[in-house]
Amino acid sequence: MSGVITKFAVTSMVMWMVPVAIVYGFYYEMFPGLSLCSGVSQMSSSTQTLVSGFLAVISVNLVIGFYICMAMKETPHQEPQPDPTFLANAKASINQPTSSQVSDDSRGKGKVE
């Protein structure tokens with residue numbers, strides 16, 4: 001159980017830190033590769049904000065997708081088992097005749113054709 005909580009905590013922290021780092025990096029032009037390729041420094045401030053916001057949203061979706069993939073690949077430690085008391089009560093209720101079946105059977109025994 002602690003492994004699941006650890007994965008969730010790490011994923012939650014990454015989901016907050018990566019978008020903030022992207023927006024901060026664009027605002028202070030900390031990504032030198034992007035400024036050479038796409039001319040981030042030549043963009044207006046509103047365009048820079050939009051681009052960094054879109055990239056931040058995409059990064060959150062990627063982190064969520066990664067977390068879902070990790071959860072789907074996780075194998076359960078044991079196969080879930082039904083409650084034995086519930087099973088016993090369910091089997092007993094199936095084998096027990098209902099009141100309408102009893103009254104139908106009693107009428108059928110008295111008839112002679």
# chains A, B, ... in the order shown; residues from 1 in each chain; ligands from 1
call {"tool": "residues_around", "arguments": {"residues": "Val10 (chain A)", "least_positions_apart": "5", "cutoff": "10 Å", "atoms": "only C-alpha atoms", "output": "PDB file with C-alpha atoms, in the first residue's frame"}}
result
ATOM      1  CA  ILE A   5       0.889   6.219  -1.942  1.00  0.00           C
ATOM      2  CA  MET A  15       2.310  17.413 -11.889  1.00  0.00           C
ATOM      3  CA  TYR A  67       0.548   7.756 -13.987  1.00  0.00           C
TER       4      TYR A  67
END
call {"tool": "residues_around", "arguments": {"residues": "Ala71 (chain A)", "least_positions_apart": "5", "cutoff": "10 Å", "atoms": "only C-alpha atoms", "output": "list of chain:residue names"}}
result
A:Val4, A:Lys7, A:Phe8, A:Gly65, A:Phe66
call {"tool": "closest_residue", "arguments": {"among": "A:Leu62, A:Ser2, A:Ser45, A:Asn89", "to": "Tyr27 (chain A)", "atoms": "only C-alpha atoms"}}
result
A:Ser45
call {"tool": "residues_around", "arguments": {"residues": "Ile22 (chain A)", "least_positions_apart": "4", "cutoff": "12 Å", "atoms": "only C-alpha atoms", "output": "ChimeraX atom specification"}}
result
/A:14-18,26-31,34,48-60
call {"tool": "atom_distance", "arguments": {"atom1": "CA of Ala21 (chain A)", "atom2": "CA of Met70 (chain A)"}}
result
23.5 Å
call {"tool": "decode", "arguments": {"residues": "region 49-78 of chain A", "atoms": "N, CA and C atoms", "output": "compact mmCIF listing (two decimals), in the first residue's frame"}}
result
# COMPACT_ATOMS: atom_id res chain seq x y z
N THR A 49 3.29 33.95 -23.10
CA THR A 49 2.44 33.43 -22.03
C THR A 49 1.52 32.34 -22.55
N LEU A 50 0.92 32.55 -23.72
CA LEU A 50 0.05 31.53 -24.31
C LEU A 50 0.81 30.25 -24.62
N VAL A 51 1.98 30.36 -25.23
CA VAL A 51 2.77 29.18 -25.59
C VAL A 51 3.19 28.43 -24.34
N SER A 52 3.67 29.15 -23.34
CA SER A 52 4.09 28.48 -22.11
C SER A 52 2.90 27.85 -21.40
N GLY A 53 1.75 28.50 -21.43
CA GLY A 53 0.54 27.92 -20.84
C GLY A 53 0.10 26.65 -21.54
N PHE A 54 0.12 26.67 -22.89
CA PHE A 54 -0.24 25.45 -23.64
C PHE A 54 0.73 24.31 -23.34
N LEU A 55 2.02 24.61 -23.29
CA LEU A 55 3.01 23.58 -22.97
C LEU A 55 2.84 23.06 -21.54
N ALA A 56 2.47 23.93 -20.63
CA ALA A 56 2.24 23.51 -19.25
C ALA A 56 1.04 22.56 -19.16
N VAL A 57 -0.03 22.89 -19.87
CA VAL A 57 -1.21 22.03 -19.87
C VAL A 57 -0.88 20.67 -20.50
N ILE A 58 -0.13 20.68 -21.58
CA ILE A 58 0.26 19.43 -22.24
C ILE A 58 1.14 18.60 -21.30
N SER A 59 2.03 19.26 -20.56
CA SER A 59 2.88 18.51 -19.63
C SER A 59 2.07 17.86 -18.52
N VAL A 60 1.05 18.54 -18.02
CA VAL A 60 0.18 17.94 -16.99
C VAL A 60 -0.52 16.72 -17.55
N ASN A 61 -1.03 16.81 -18.77
CA ASN A 61 -1.69 15.67 -19.38
C ASN A 61 -0.73 14.51 -19.59
N LEU A 62 0.50 14.79 -19.95
CA LEU A 62 1.50 13.73 -20.10
C LEU A 62 1.80 13.05 -18.77
N VAL A 63 1.91 13.83 -17.71
CA VAL A 63 2.16 13.25 -16.39
C VAL A 63 0.99 12.38 -15.95
N ILE A 64 -0.22 12.84 -16.17
CA ILE A 64 -1.41 12.04 -15.82
C ILE A 64 -1.45 10.75 -16.64
N GLY A 65 -1.15 10.84 -17.93
CA GLY A 65 -1.11 9.64 -18.77
C GLY A 65 -0.04 8.66 -18.30
N PHE A 66 1.11 9.17 -17.92
CA PHE A 66 2.17 8.32 -17.40
C PHE A 66 1.73 7.63 -16.11
N TYR A 67 1.04 8.34 -15.23
CA TYR A 67 0.55 7.76 -13.99
C TYR A 67 -0.49 6.67 -14.27
N ILE A 68 -1.36 6.90 -15.23
CA ILE A 68 -2.37 5.89 -15.58
C ILE A 68 -1.70 4.64 -16.13
N CYS A 69 -0.68 4.82 -16.97
CA CYS A 69 0.05 3.65 -17.51
C CYS A 69 0.72 2.87 -16.39
N MET A 70 1.32 3.57 -15.44
CA MET A 70 1.95 2.88 -14.31
C MET A 70 0.91 2.12 -13.50
N ALA A 71 -0.26 2.70 -13.30
CA ALA A 71 -1.31 2.04 -12.52
C ALA A 71 -1.85 0.81 -13.25
N MET A 72 -1.96 0.90 -14.57
CA MET A 72 -2.48 -0.24 -15.34
C MET A 72 -1.50 -1.41 -15.36
N LYS A 73 -0.20 -1.12 -15.33
CA LYS A 73 0.81 -2.18 -15.36
C LYS A 73 1.03 -2.81 -14.00
N GLU A 74 0.54 -2.20 -12.95
CA GLU A 74 0.75 -2.71 -11.60
C GLU A 74 -0.05 -3.99 -11.40
N THR A 75 0.61 -5.02 -10.88
CA THR A 75 -0.06 -6.29 -10.64
C THR A 75 -0.56 -6.33 -9.20
N PRO A 76 -1.75 -6.86 -9.00
CA PRO A 76 -2.25 -6.96 -7.62
C PRO A 76 -1.47 -8.03 -6.86
N HIS A 77 -1.30 -7.81 -5.56
CA HIS A 77 -0.55 -8.76 -4.75
C HIS A 77 -1.32 -10.05 -4.52
N GLN A 78 -2.60 -9.96 -4.43
CA GLN A 78 -3.42 -11.15 -4.26
C GLN A 78 -4.74 -10.96 -5.00
